[in-house]
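Okay, structure.pdb now, which holds PDB, C-alpha atoms:
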ATOM      1  CA  MET G  22       0.000   0.000   0.000
ATOM      2  CA  ILE G  23       1.294   3.490  -0.937
ATOM      3  CA  ASP G  24       0.607   6.565   1.141
ATOM      4  CA  ALA G  25      -0.892   9.431  -0.846
ATOM      5  CA  GLU G  26      -0.319  13.086  -0.263
ATOM      6  CA  LEU G  27      -3.408  15.146   0.438
ATOM      7  CA  VAL G  28      -3.872  18.019  -1.976
ATOM      8  CA  PRO G  29      -5.976  20.951  -0.852
ATOM      9  CA  THR G  30      -9.120  21.500  -2.922
ATOM     10  CA  PRO G  31      -9.037  24.562  -5.163
ATOM     11  CA  ASP G  32     -10.825  27.682  -4.051
ATOM     12  CA  THR G  33     -13.999  27.836  -6.137
ATOM     13  CA  THR G  34     -15.090  31.205  -4.796
ATOM     14  CA  PHE G  35     -12.562  32.991  -7.017
ATOM     15  CA  ALA G  36     -14.292  34.847  -9.837
ATOM     16  CA  PRO G  37     -12.289  36.462 -12.638
ATOM     17  CA  GLN G  38     -12.643  40.182 -12.982
ATOM     18  CA  VAL G  39     -15.088  40.997 -15.745
ATOM     19  CA  THR G  40     -14.783  44.210 -17.688
ATOM     20  CA  THR G  41     -17.927  45.640 -19.130
ATOM     21  CA  PRO G  42     -17.798  46.342 -22.856
ATOM     22  CA  ALA G  43     -18.221  49.844 -24.144
ATOM     23  CA  PHE G  44     -21.776  50.421 -25.218
ATOM     24  CA  ASP G  45     -22.622  51.333 -28.757
ATOM     25  CA  TYR G  46     -25.167  53.937 -27.700
ATOM     26  CA  THR G  47     -24.859  56.975 -25.509
ATOM     27  CA  ASP G  48     -26.989  57.433 -22.403
ATOM     28  CA  ALA G  49     -29.364  59.491 -24.564
ATOM     29  CA  GLY G  50     -29.894  56.504 -26.895
ATOM     30  CA  VAL G  51     -27.844  57.890 -29.782
ATOM     31  CA  PRO G  52     -25.454  55.498 -31.556
ATOM     32  CA  THR G  53     -21.777  56.380 -31.281
ATOM     33  CA  LEU G  54     -19.724  57.270 -34.348
ATOM     34  CA  ASP G  55     -17.513  54.205 -33.837
ATOM     35  CA  TYR G  56     -20.589  51.986 -33.861
ATOM     36  CA  LEU G  57     -21.866  53.592 -37.075
ATOM     37  CA  ARG G  58     -18.440  53.360 -38.712
ATOM     38  CA  ASP G  59     -18.202  49.665 -37.859
ATOM     39  CA  ARG G  60     -21.674  48.994 -39.272
ATOM     40  CA  ILE G  61     -20.885  50.866 -42.499
ATOM     41  CA  GLU G  62     -17.542  49.078 -42.930
ATOM     42  CA  LYS G  63     -19.209  45.720 -42.322
ATOM     43  CA  ARG G  64     -21.878  46.436 -44.943
ATOM     44  CA  LEU G  65     -19.242  47.649 -47.396
ATOM     45  CA  GLY G  66     -17.208  44.496 -46.863
ATOM     46  CA  THR G  67     -20.283  42.342 -47.398
ATOM     47  CA  ALA G  68     -21.173  44.198 -50.595
ATOM     48  CA  GLU G  69     -17.628  43.949 -51.955
ATOM     49  CA  GLY G  70     -17.492  40.242 -51.108
ATOM     50  CA  SER G  71     -20.825  39.630 -52.840
ATOM     51  CA  ALA G  72     -19.664  41.488 -55.934
ATOM     52  CA  GLU G  73     -16.432  39.495 -55.994
ATOM     53  CA  LEU G  74     -18.312  36.213 -55.701
ATOM     54  CA  ALA G  75     -20.717  37.247 -58.454
ATOM     55  CA  GLY G  76     -17.766  38.107 -60.701
ATOM     56  CA  ALA G  77     -16.157  34.768 -59.946
ATOM     57  CA  HIS G  78     -19.413  33.031 -60.854
ATOM     58  CA  ASP G  79     -19.551  34.848 -64.203
ATOM     59  CA  ALA G  80     -15.950  33.901 -64.935
ATOM     60  CA  GLN G  81     -16.679  30.269 -64.088
ATOM     61  CA  GLU G  82     -19.715  30.293 -66.381
ATOM     62  CA  ARG G  83     -17.644  31.721 -69.259
ATOM     63  CA  GLN G  84     -14.978  29.075 -68.667
ATOM     64  CA  ARG G  85     -17.585  26.300 -68.604
ATOM     65  CA  LYS G  86     -19.045  27.476 -71.929
ATOM     66  CA  ALA G  87     -15.573  27.677 -73.489
ATOM     67  CA  ASP G  88     -14.820  24.144 -72.276
ATOM     68  CA  GLU G  89     -18.076  22.869 -73.786
ATOM     69  CA  GLU G  90     -17.311  24.529 -77.134
ATOM     70  CA  ARG G  91     -13.806  23.066 -77.132
ATOM     71  CA  ALA G  92     -15.191  19.591 -76.369
ATOM     72  CA  GLU G  93     -17.750  19.896 -79.197
ATOM     73  CA  LYS G  94     -15.058  20.976 -81.686
ATOM     74  CA  ALA G  95     -12.811  18.124 -80.557
ATOM     75  CA  ALA G  96     -15.638  15.597 -81.006
ATOM     76  CA  ALA G  97     -16.402  16.970 -84.483
ATOM     77  CA  LYS G  98     -12.734  16.800 -85.472
ATOM     78  CA  LEU G  99     -12.449  13.231 -84.165
ATOM     79  CA  ALA G 100     -15.538  12.206 -86.135
ATOM     80  CA  GLU G 101     -14.028  13.782 -89.276
ATOM     81  CA  ILE G 102     -10.743  11.923 -88.786
ATOM     82  CA  ARG G 103     -12.597   8.627 -88.275
ATOM     83  CA  ARG G 104     -14.554   9.172 -91.492
ATOM     84  CA  GLN G 105     -11.320   9.855 -93.389
ATOM     85  CA  VAL G 106      -9.621   6.752 -91.986
ATOM     86  CA  THR G 107     -12.533   4.423 -92.736
ATOM     87  CA  GLY G 108     -13.094   5.959 -96.150
ATOM     88  CA  ASP G 109     -16.704   6.942 -95.447
ATOM     89  CA  ARG G 110     -17.861  10.185 -96.991
TER      90      ARG G 110
END
Hey, can you dump this file as structure tokens for me?
Amino acid sequence: MIDAELVPTPDTTFAPQVTTPAFDYTDAGVPTLDYLRDRIEKRLGTAEGSAELAGAHDAQERQRKADEERAEKAAAKLAEIRRQVTGDR
């Protein structure tokens, strides 16, 4: 049998100090300029991101159409070569 050392239980009454966040409105109920600036910048970022995604979608659609056209031309060329090889006209 091994003797164990007793460890004191931790103090659970300790509470970390909580800082209150700065409010976005003044006591009169008016939004602060920082709050408005943050909202505007967030909306601008969302709009720019949406525009970028829409542009990427358009580019992908153009690329898909170009790939389809290239595949159709390749299939037509292959069919032409097969006709020439087999002697069918």
Would you please work out which residue, of G:Asp79, G:Asp45, G:Asp24, G:Glu90, is nearest to Arg60 of chain G when using all atoms listed in the file?
->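 Ranked by minimum distance to Arg60 of chain G, first place goes to G:Asp45.
Distance annotation: of G:Glu69, G:Phe44, G:Ile102, G:Gln81, the residue with the minimal separation from Tyr56 of chain G is G:Phe44; atom set is only C-alpha atoms.
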Kindly give the distance, in Å, that separates atom CA of Gln84 of chain G and atom CA of Ala72 of chain G, rounded to a single decimal.
->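 It comes out at 18.4 Å.
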